[in-house]
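Okay, so here's the structure we're looking at.
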Amino acid sequence: MTSLAFDYRRADSVDQALALLAEADPGTKVLAGGHSLLPIMKTRLARPDRLIDIGRLNELRGVNRLGDGGLSIGALTTYSELLANPAITVYGLLADVLPTIGDVQVRNRGTIGGAVAHVDPAADLPACLLVLDAEVVVRSARGGRTIALTSFFEGAFNSVLLPDELITEIRLPAASGDYRSAYRAQEQPASGYALAGAAVVIGRSTGGGGRFDRAAIGITGVGECPYRASAAEQEFLSSGDPAAAAAHATDGVLVASDIHADREYRTALIRVQVRRALEAAIERVG
Amino acid sequence: MTSIGIDAPRVDGPAKVTGQATYTADIVLPGMLHAKVLRSTLPHARLVRIDVSAAERELGVITLTRDDLAGIDPYYGAVLKDQPVVAIDRVLFAGDVVAVVAAESRDIAEEALDLIEVEYEALPSVGDPFAAQAPGAPILHAERNTPEVQFLDMKSVHFQADSNVCSIYHVAQGDFEAGYAAADHKFDDVYTVPTIQHGHMEPHASTAYWEPGGKLVVHTATQNPSVIRTQLAEMFSLPESMVRVIVPYLGGGYGAKTYPKLEPIVAVLSRKAKRPVSLVLTREEVFMTAVRHAASVRIRTGINNDGQIVARKVEATYDTGAYADIGPRTCKNGGYASGGPYRIEHQDLTSYCVYTNRPPSGAFRGFGVPQVCWPYESQMDDMARRLGVDPVALRRQNLIHEGDTFVTGDKLIAIGLDKCLEEVASAIGWKGIESTRPMPSDKPGFVRGIGIAVMIKSTMTPSNSAASVRLNSDGSATLLTSSVEMGQGPHTALAQIVAETIGLPLNRVTITFPDTDFTPYDQSTSSSRTIFSMGHAAQKAGLQIRDQLLEIAAKQLEASPGDLQIEEGIIAVKGSPDRSLTIPQAFRAHFGTPVGSLFGAFDFQTTGGLRPEDGKGKASAFWFLSAAGAEVEVDTRTGKIRVIKAVTVVDTGKTINPRQCWLQNEGSMLTALGSALQEEMVFDNGQPVNSSFLDYLMPSMEDYPDEFQSMLVETPHPEGPFGAKGMGEAALGPVAPAIGNAVSNALGGIRLRDLPLRPERVLDAIDAAAASGAAASGAAASGAAGAGNGGEAAR
């Protein structure tokens, strides 16, 4: 199949993009790298009547260190550009996961803002950003706001982003102290998307007596959108036991079921991934 | 020999790697229209009304519906003419052809599809062969054309009336009931394989036009141009000479491009349009056009304490989908091979080819045999475990040998299966019974195991292949052949045979593409028969030219033909290289001037066929024999299997081109790997739900085992050129059971009987075994063979 006909506008500045979005209707979609949007347009799962192409807005590209040591990542920064940036090496999780996303072509086109805006239920990166406590900076012709990623996703391919808003940057707080991370996923072999993926960051404060007092567990491929498994985090903080924590990986979540993994198997699978990710993070030095 | 047994580089290699090779979809003709197909949205329905007027009026397209079939026989089919060009009264599967549109561009054609109004009356549908045979099931083909036995081997197939059972094949020897009753141990299991895809890169594509003189010309991606010519000639009541079928390179076939697919559609539509019409399928449509038979196989085997298999009964039920295509032959060939390559005194083998409301199943590399090899080779290991013996030794004890009589009555010749088994056991590192125990992995929660399997398969018999060789006065030669180059390498290997036979340098031999106006009849490029059959014909044709050259040179050199040799295009007296002629000199001697050409031609028919009354006779001109070994690692917490090492050994008879044989085997192995671990077409209420490579799991480079090796042994066949047999499909069958046996060994005897071995199933089997107390890991549990759906029947 080929895409249905649509109207195409190319924005030459962020302000112009915001002006176009201000008059947008629900049939308008923003086109960034296009590697997620175009395939679903081709299969007609998505049928936008207008695309606003922001692909040439270089002002949305690049990584800057913030005053507090955190990072500001332009929404149009590609996976490849992120990987090549020395600033991300302190976030071991990103350094681990980015090279495994898609293939070279996908990493050259896929953008961090696009990954957040698209809210694919099985994408790898959103789960990682969740455990890194990322924030989403959005702008519209009306002004701007900053949203914690933990309250950004609303469901499959759905977020709190309003039709006139554009994601302009993703912010990561400084990685400090005893930071250990790992990502474990079982992939759907054809697409490479996660059937069940777990990103974890655990940490110990200095003088904390050796107990882990920080645990963030982000899960993808399992719920209708990537989520933080807070019950599992609490269990890990209290018992320090990866297997016990993993048992709570899907608490309160309606686990997805499809031809590649039914609900029961997916539930079993994510527990294994959470356990293995926690075990790997514990083993990891630094 | 200078041209045989060498890694001659592929003659089609440079064109393909530079993107210059021409495929059917590349052919653009003046005035050509592009077609799109409107497909049924329901698995079974009566076609109440179809209205194309809006599409014709608004977009000016030309349409093909059931109203355009006057004056032709609208039905086609290789064995039974049960498939209409477009739906006439009913649609029989979701994806069936309802109407076709031809337009100036594909976009316009696609737009026009939305303007066609179709009214269906939904009918109850049958989704599998057992539902199709249930009382009250709708009969899909109540009126069945009497089969025209164009293929002699089909005489042994029993077509059924008033039933969804299309055909049955049965063969037996001894007395199964008595043998089974007396056996020390009895095994009774059911194994299944799902519907899968061929996965050829090039989609189906055909282009047709009519010449002013009334000749139909078709450019098409087919594996059997001669069959297409016959079928179209019958459809339009034309002499075969008025139908011309031309075949360029194929981007893979694997059986999916055998027998009519799109050719009837473009032929009928171009007749109406009076312009060339091209139809190229999308991937989603390829999924609806040809699939591999799903099968359910019940296998009962009696074996004695001494390891002798005494009785086997197999009932193999194949899902042939909505139309017969070549299904009755696929099921017949699977049927007589279902007992395996073993000496078993009492055998009773039956295969059922059953219609369902699913896409038509047809030929698929392995042709009905992987569906039965999976059961018999899995059960073989279960029997060895029960008896507490080495499964390799058990096979060795029961294997067929040279000179044995097969269940079909064939006297077996050129049987090197014992060599295949020994080499594969050595290559996989088989150490006797200890190799049936789990091997530790360095990762917690992971176990490893190794397994082996063997296979026997027939080739289409009888069949015809004709070749014509022309030698030009400059010493170059052309082989006129209808063999199709679909990546398997006949253009290279047939050139090697002709060059060696005449005594020419390899680069002086050129192979034609099939064009039924010029190239002689060939039954099919399938069944791995090209090197054996076309190679034989080419060799005989080449020998005629060689004899003519020797005759001419003998006069000129004043020697007897028997004292001459031809090497690298030089005809010389043996031992006296100064007494020689070049080929241009020979032409000058013969014709007075270096013009003209020498011809050789030969039509090779293999003999055989099976009797209707007992299914016996001669099933196969030669037999494919192979063995596979696999080493796997199983993640016992997720059920995920990784194949670490895969090896196969194939008996080629004589290897014409080692590198191409290895590559053929590797292709077979990867196909088998996909079918073993992940491939399955899924339907929901008759609707295919994973008709895309995003959801249908073909193996990719990531699934390639760390060690991947194919080996060749040679047991020469008297009729094969230089002793060569076919080999293209041989490595496929045993790979899945070798993986299954490796998994079983890794898991202490847990047996999975349903393909693919998806992680979910593996984990369920591990959990079930743990719950029932059987060993899931650790020490070998010889009594654990029963974990599954039947296993050892201790009765």
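Residues in the structure tokens are named by chain (A, B, ... in the order shown) and by number from 1 within that chain; ligands are numbered from 1 in the order shown.
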Within 9 Å of chain B, which residues belong to chain A? Use only C-alpha atoms and report them as an mmCIF file with N, CA, C and O atoms, in the first residue's frame.
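What follows is the written file iface33.cif:
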```
data_model
loop_
_atom_site.group_PDB
_atom_site.id
_atom_site.type_symbol
_atom_site.label_atom_id
_atom_site.label_comp_id
_atom_site.auth_asym_id
_atom_site.auth_seq_id
_atom_site.Cartn_x
_atom_site.Cartn_y
_atom_site.Cartn_z
ATOM 1 N N MET A 1 0.841 -1.203 0.000
ATOM 2 C CA MET A 1 0.000 0.000 0.000
ATOM 3 C C MET A 1 0.869 1.241 0.000
ATOM 4 O O MET A 1 2.011 1.216 0.437
ATOM 5 N N THR A 2 0.278 2.316 -0.447
ATOM 6 C CA THR A 2 0.966 3.596 -0.364
ATOM 7 C C THR A 2 0.099 4.533 0.460
ATOM 8 O O THR A 2 -1.095 4.320 0.633
ATOM 9 N N GLN A 186 13.734 -8.599 25.554
ATOM 10 C CA GLN A 186 13.596 -9.626 24.519
ATOM 11 C C GLN A 186 12.867 -8.980 23.360
ATOM 12 O O GLN A 186 11.788 -8.407 23.535
ATOM 13 N N GLN A 188 10.992 -8.602 19.619
ATOM 14 C CA GLN A 188 10.203 -9.253 18.591
ATOM 15 C C GLN A 188 11.161 -9.393 17.413
ATOM 16 O O GLN A 188 11.694 -8.390 16.938
ATOM 17 N N PRO A 189 11.446 -10.632 16.986
ATOM 18 C CA PRO A 189 12.577 -10.806 16.058
ATOM 19 C C PRO A 189 12.448 -10.057 14.734
ATOM 20 O O PRO A 189 13.452 -9.672 14.152
ATOM 21 N N ALA A 190 11.238 -9.860 14.232
ATOM 22 C CA ALA A 190 11.122 -9.207 12.922
ATOM 23 C C ALA A 190 11.332 -7.706 13.033
ATOM 24 O O ALA A 190 12.080 -7.119 12.257
ATOM 25 N N SER A 191 10.691 -7.074 13.985
ATOM 26 C CA SER A 191 10.725 -5.610 14.043
ATOM 27 C C SER A 191 11.864 -5.104 14.915
ATOM 28 O O SER A 191 12.296 -3.966 14.768
ATOM 29 N N GLY A 192 12.336 -5.910 15.851
ATOM 30 C CA GLY A 192 13.350 -5.444 16.787
ATOM 31 C C GLY A 192 12.767 -4.672 17.965
ATOM 32 O O GLY A 192 13.483 -4.335 18.902
ATOM 33 N N ILE A 259 0.000 -11.611 19.016
ATOM 34 C CA ILE A 259 0.448 -12.877 18.410
ATOM 35 C C ILE A 259 1.891 -13.203 18.765
ATOM 36 O O ILE A 259 2.313 -14.347 18.646
ATOM 37 N N HIS A 260 2.660 -12.222 19.190
ATOM 38 C CA HIS A 260 4.060 -12.488 19.487
ATOM 39 C C HIS A 260 4.275 -12.924 20.938
ATOM 40 O O HIS A 260 5.266 -13.569 21.246
ATOM 41 N N ALA A 261 3.386 -12.542 21.823
ATOM 42 C CA ALA A 261 3.492 -12.939 23.234
ATOM 43 C C ALA A 261 2.143 -12.692 23.883
ATOM 44 O O ALA A 261 1.644 -11.561 23.854
ATOM 45 N N ASP A 262 1.548 -13.730 24.441
ATOM 46 C CA ASP A 262 0.270 -13.497 25.094
ATOM 47 C C ASP A 262 0.504 -12.903 26.486
ATOM 48 O O ASP A 262 1.631 -12.713 26.926
ATOM 49 N N TYR A 265 2.594 -14.978 29.015
ATOM 50 C CA TYR A 265 4.018 -15.082 28.689
ATOM 51 C C TYR A 265 4.717 -13.734 28.845
ATOM 52 O O TYR A 265 5.829 -13.646 29.358
ATOM 53 N N ARG A 266 4.031 -12.672 28.395
ATOM 54 C CA ARG A 266 4.655 -11.349 28.485
ATOM 55 C C ARG A 266 4.900 -10.972 29.956
ATOM 56 O O ARG A 266 5.919 -10.370 30.295
ATOM 57 N N ALA A 268 5.460 -13.104 32.395
ATOM 58 C CA ALA A 268 6.631 -13.888 32.832
ATOM 59 C C ALA A 268 7.919 -13.272 32.278
ATOM 60 O O ALA A 268 8.943 -13.186 32.969
ATOM 61 N N LEU A 269 7.825 -12.837 31.021
ATOM 62 C CA LEU A 269 9.020 -12.331 30.338
ATOM 63 C C LEU A 269 9.528 -11.032 30.978
ATOM 64 O O LEU A 269 10.730 -10.856 31.180
ATOM 65 N N VAL A 272 11.426 -11.616 34.130
ATOM 66 C CA VAL A 272 12.799 -12.075 33.877
ATOM 67 C C VAL A 272 13.692 -10.894 33.485
ATOM 68 O O VAL A 272 14.828 -10.769 33.970
ATOM 69 N N GLN A 273 13.162 -10.011 32.647
ATOM 70 C CA GLN A 273 13.988 -8.885 32.182
ATOM 71 C C GLN A 273 14.297 -7.921 33.332
ATOM 72 O O GLN A 273 15.414 -7.410 33.443
#
```
Nearby residues (only C-alpha atoms) at most 10 Å from Thr195 (chain B), same-chain spacing under 5 positions excluded, as a list in words | Val291, Arg292, His293, Ala294, Ala295, Tyr318, Asp319, Thr320, Gly321, Arg358, Pro359, Ser361, Ser675, Glu679, Glu680, Met681, Val682, Phe683 and Leu755 of chain B
Dump of N, CA, C and O atoms for the selected residues, as a tab-separated table (two decimals), in the first residue's frame:
```tsv
chain	number	residue	atom	x	y	z
B	291	VAL	N	1.46	-20.25	-0.10
B	291	VAL	CA	1.97	-20.54	1.24
B	291	VAL	C	2.40	-22.01	1.31
B	291	VAL	O	2.10	-22.79	0.41
B	292	ARG	N	3.11	-22.36	2.39
B	292	ARG	CA	3.44	-23.78	2.60
B	292	ARG	C	2.33	-24.43	3.41
B	292	ARG	O	1.82	-23.84	4.36
B	293	HIS	N	1.99	-25.67	3.04
B	293	HIS	CA	0.95	-26.42	3.73
B	293	HIS	C	1.22	-26.51	5.24
B	293	HIS	O	2.28	-27.00	5.64
B	294	ALA	N	0.24	-26.09	6.02
B	294	ALA	CA	0.23	-26.50	7.42
B	294	ALA	C	-0.08	-27.99	7.44
B	294	ALA	O	-0.71	-28.51	6.52
B	295	ALA	N	0.37	-28.69	8.46
B	295	ALA	CA	0.08	-30.12	8.52
B	295	ALA	C	-0.03	-30.58	9.96
B	295	ALA	O	0.58	-30.02	10.86
B	318	TYR	N	-2.80	-32.52	5.44
B	318	TYR	CA	-2.24	-31.25	4.96
B	318	TYR	C	-3.37	-30.27	4.65
B	318	TYR	O	-4.36	-30.64	4.03
B	319	ASP	N	-3.17	-29.01	5.04
B	319	ASP	CA	-4.10	-27.93	4.73
B	319	ASP	C	-3.71	-27.34	3.39
B	319	ASP	O	-2.72	-26.61	3.28
B	320	THR	N	-4.50	-27.65	2.34
B	320	THR	CA	-4.11	-27.20	1.00
B	320	THR	C	-4.74	-25.86	0.63
B	320	THR	O	-4.49	-25.33	-0.44
B	321	GLY	N	-5.57	-25.32	1.54
B	321	GLY	CA	-6.15	-24.01	1.29
B	321	GLY	C	-7.31	-24.07	0.32
B	321	GLY	O	-7.92	-25.12	0.11
B	358	ARG	N	-8.50	-20.90	3.31
B	358	ARG	CA	-7.21	-20.26	3.59
B	358	ARG	C	-6.50	-20.03	2.24
B	358	ARG	O	-6.86	-20.64	1.24
B	359	PRO	N	-5.47	-19.19	2.21
B	359	PRO	CA	-4.75	-19.00	0.95
B	359	PRO	C	-4.25	-20.34	0.41
B	359	PRO	O	-3.94	-21.25	1.18
B	361	SER	N	-2.22	-23.40	-0.68
B	361	SER	CA	-0.89	-23.93	-0.38
B	361	SER	C	-0.38	-24.62	-1.62
B	361	SER	O	-1.14	-25.28	-2.32
B	675	SER	N	11.54	-21.70	10.05
B	675	SER	CA	10.33	-22.50	10.28
B	675	SER	C	10.42	-23.22	11.62
B	675	SER	O	9.41	-23.50	12.25
B	679	GLU	N	8.72	-18.83	12.39
B	679	GLU	CA	7.78	-18.47	11.33
B	679	GLU	C	6.42	-19.14	11.48
B	679	GLU	O	6.33	-20.34	11.71
B	680	GLU	N	5.37	-18.35	11.29
B	680	GLU	CA	4.01	-18.87	11.36
B	680	GLU	C	3.07	-17.79	10.84
B	680	GLU	O	3.08	-16.66	11.32
B	681	MET	N	2.24	-18.14	9.85
B	681	MET	CA	1.19	-17.20	9.44
B	681	MET	C	0.03	-17.37	10.39
B	681	MET	O	-0.43	-18.49	10.64
B	682	VAL	N	-0.44	-16.23	10.93
B	682	VAL	CA	-1.50	-16.27	11.93
B	682	VAL	C	-2.78	-15.72	11.30
B	682	VAL	O	-2.75	-14.72	10.59
B	683	PHE	N	-3.89	-16.40	11.57
B	683	PHE	CA	-5.19	-15.96	11.05
B	683	PHE	C	-6.13	-15.71	12.23
B	683	PHE	O	-6.10	-16.43	13.22
B	755	LEU	N	5.51	-26.85	15.78
B	755	LEU	CA	6.38	-25.78	15.29
B	755	LEU	C	5.54	-24.51	15.14
B	755	LEU	O	4.35	-24.58	14.91
```
Residues within 8 Å of Gln173 (chain B), only C-alpha atoms, excluding chain neighbours under 2 positions, as a PyMOL selection string | chain B and resi 171+175-176+345-348+407
Only all heavy atoms, please: the residues just picked out, written as a PDB file, in the first residue's frame.
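And here's selection_36.pdb as it stands now:
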```pdb
ATOM      1  N   VAL B 171      -0.086 -45.826   0.776  1.00  0.00           N
ATOM      2  CA  VAL B 171       0.817 -46.912   0.393  1.00  0.00           C
ATOM      3  C   VAL B 171       1.125 -47.719   1.650  1.00  0.00           C
ATOM      4  O   VAL B 171       1.166 -47.156   2.759  1.00  0.00           O
ATOM      5  CB  VAL B 171       2.106 -46.369  -0.281  1.00  0.00           C
ATOM      6  CG1 VAL B 171       2.985 -45.608   0.702  1.00  0.00           C
ATOM      7  CG2 VAL B 171       2.893 -47.491  -0.955  1.00  0.00           C
ATOM      8  N   ASP B 175       2.008 -55.816   7.528  1.00  0.00           N
ATOM      9  CA  ASP B 175       0.745 -55.756   8.262  1.00  0.00           C
ATOM     10  C   ASP B 175       0.973 -54.898   9.485  1.00  0.00           C
ATOM     11  O   ASP B 175       1.486 -55.365  10.508  1.00  0.00           O
ATOM     12  CB  ASP B 175       0.321 -57.190   8.651  1.00  0.00           C
ATOM     13  CG  ASP B 175      -0.998 -57.204   9.410  1.00  0.00           C
ATOM     14  OD1 ASP B 175      -1.446 -56.124   9.875  1.00  0.00           O
ATOM     15  OD2 ASP B 175      -1.578 -58.300   9.543  1.00  0.00           O
ATOM     16  N   PHE B 176       0.627 -53.608   9.361  1.00  0.00           N
ATOM     17  CA  PHE B 176       0.933 -52.678  10.447  1.00  0.00           C
ATOM     18  C   PHE B 176       0.305 -53.135  11.759  1.00  0.00           C
ATOM     19  O   PHE B 176       0.970 -53.177  12.793  1.00  0.00           O
ATOM     20  CB  PHE B 176       0.466 -51.252  10.122  1.00  0.00           C
ATOM     21  CG  PHE B 176       0.480 -50.366  11.329  1.00  0.00           C
ATOM     22  CD1 PHE B 176       1.684 -49.866  11.820  1.00  0.00           C
ATOM     23  CD2 PHE B 176      -0.684 -50.084  12.039  1.00  0.00           C
ATOM     24  CE1 PHE B 176       1.713 -49.090  12.979  1.00  0.00           C
ATOM     25  CE2 PHE B 176      -0.659 -49.315  13.187  1.00  0.00           C
ATOM     26  CZ  PHE B 176       0.540 -48.813  13.662  1.00  0.00           C
ATOM     27  N   GLU B 345       9.475 -53.116   8.432  1.00  0.00           N
ATOM     28  CA  GLU B 345       8.776 -54.206   7.765  1.00  0.00           C
ATOM     29  C   GLU B 345       7.297 -53.880   7.510  1.00  0.00           C
ATOM     30  O   GLU B 345       6.782 -54.116   6.433  1.00  0.00           O
ATOM     31  CB  GLU B 345       8.895 -55.479   8.626  1.00  0.00           C
ATOM     32  CG  GLU B 345       8.357 -56.717   7.917  1.00  0.00           C
ATOM     33  CD  GLU B 345       8.481 -57.980   8.772  1.00  0.00           C
ATOM     34  OE1 GLU B 345       9.098 -57.900   9.852  1.00  0.00           O
ATOM     35  OE2 GLU B 345       7.953 -59.024   8.357  1.00  0.00           O
ATOM     36  N   HIS B 346       6.660 -53.321   8.532  1.00  0.00           N
ATOM     37  CA  HIS B 346       5.216 -53.059   8.414  1.00  0.00           C
ATOM     38  C   HIS B 346       4.984 -51.552   8.367  1.00  0.00           C
ATOM     39  O   HIS B 346       5.279 -50.850   9.330  1.00  0.00           O
ATOM     40  CB  HIS B 346       4.465 -53.659   9.608  1.00  0.00           C
ATOM     41  CG  HIS B 346       4.761 -55.114   9.815  1.00  0.00           C
ATOM     42  ND1 HIS B 346       4.282 -56.097   8.968  1.00  0.00           N
ATOM     43  CD2 HIS B 346       5.506 -55.757  10.760  1.00  0.00           C
ATOM     44  CE1 HIS B 346       4.710 -57.280   9.404  1.00  0.00           C
ATOM     45  NE2 HIS B 346       5.468 -57.105  10.478  1.00  0.00           N
ATOM     46  N   GLN B 347       4.477 -51.092   7.248  1.00  0.00           N
ATOM     47  CA  GLN B 347       4.243 -49.655   7.127  1.00  0.00           C
ATOM     48  C   GLN B 347       2.868 -49.401   6.530  1.00  0.00           C
ATOM     49  O   GLN B 347       2.413 -50.131   5.648  1.00  0.00           O
ATOM     50  CB  GLN B 347       5.291 -48.997   6.212  1.00  0.00           C
ATOM     51  CG  GLN B 347       6.696 -49.019   6.768  1.00  0.00           C
ATOM     52  CD  GLN B 347       7.618 -48.076   5.987  1.00  0.00           C
ATOM     53  OE1 GLN B 347       7.356 -46.886   5.897  1.00  0.00           O
ATOM     54  NE2 GLN B 347       8.688 -48.623   5.434  1.00  0.00           N
ATOM     55  N   ASP B 348       2.246 -48.328   6.992  1.00  0.00           N
ATOM     56  CA  ASP B 348       0.932 -47.937   6.481  1.00  0.00           C
ATOM     57  C   ASP B 348       0.918 -46.410   6.466  1.00  0.00           C
ATOM     58  O   ASP B 348       0.841 -45.781   7.517  1.00  0.00           O
ATOM     59  CB  ASP B 348      -0.161 -48.501   7.411  1.00  0.00           C
ATOM     60  CG  ASP B 348      -1.541 -48.321   6.806  1.00  0.00           C
ATOM     61  OD1 ASP B 348      -1.832 -47.210   6.320  1.00  0.00           O
ATOM     62  OD2 ASP B 348      -2.328 -49.295   6.823  1.00  0.00           O
ATOM     63  N   VAL B 407       9.319 -48.292   0.424  1.00  0.00           N
ATOM     64  CA  VAL B 407       7.912 -48.654   0.623  1.00  0.00           C
ATOM     65  C   VAL B 407       7.105 -48.511  -0.668  1.00  0.00           C
ATOM     66  O   VAL B 407       6.117 -49.205  -0.882  1.00  0.00           O
ATOM     67  CB  VAL B 407       7.300 -47.810   1.769  1.00  0.00           C
ATOM     68  CG1 VAL B 407       7.279 -46.329   1.402  1.00  0.00           C
ATOM     69  CG2 VAL B 407       5.919 -48.287   2.157  1.00  0.00           C
TER      70      VAL B 407
END
```
Per-residue DSSP, region 66-201 of chain A, filtered to strand (DSSP E or B), as a PyMOL selection string | chain A and resi 71-74+78+111+135-140+143-148+153-155+158-159+166-172+178-187+194-201
Would you kindly return, as a list in words, each protein, DNA or RNA residue with an atom no farther than 7 Å from any atom of Pro26 (chain A), considering only C-alpha atoms and excluding same-chain residues fewer than 2 positions away?
->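 Final neighbour list, sorted by chain and number: Ala24, Thr28 and Pro163 of chain A.
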Write out as a ChimeraX atom specification each polymer residue whose atoms come within 9 Å of region 119-131 of chain A, counting only C-alpha atoms; drop sequence neighbours fewer than 3 positions from it.
-> /A:36,93-94,97-98,100-101,112,114-116,134-135,148-150,153-159,172,183,185,193-201,215-228
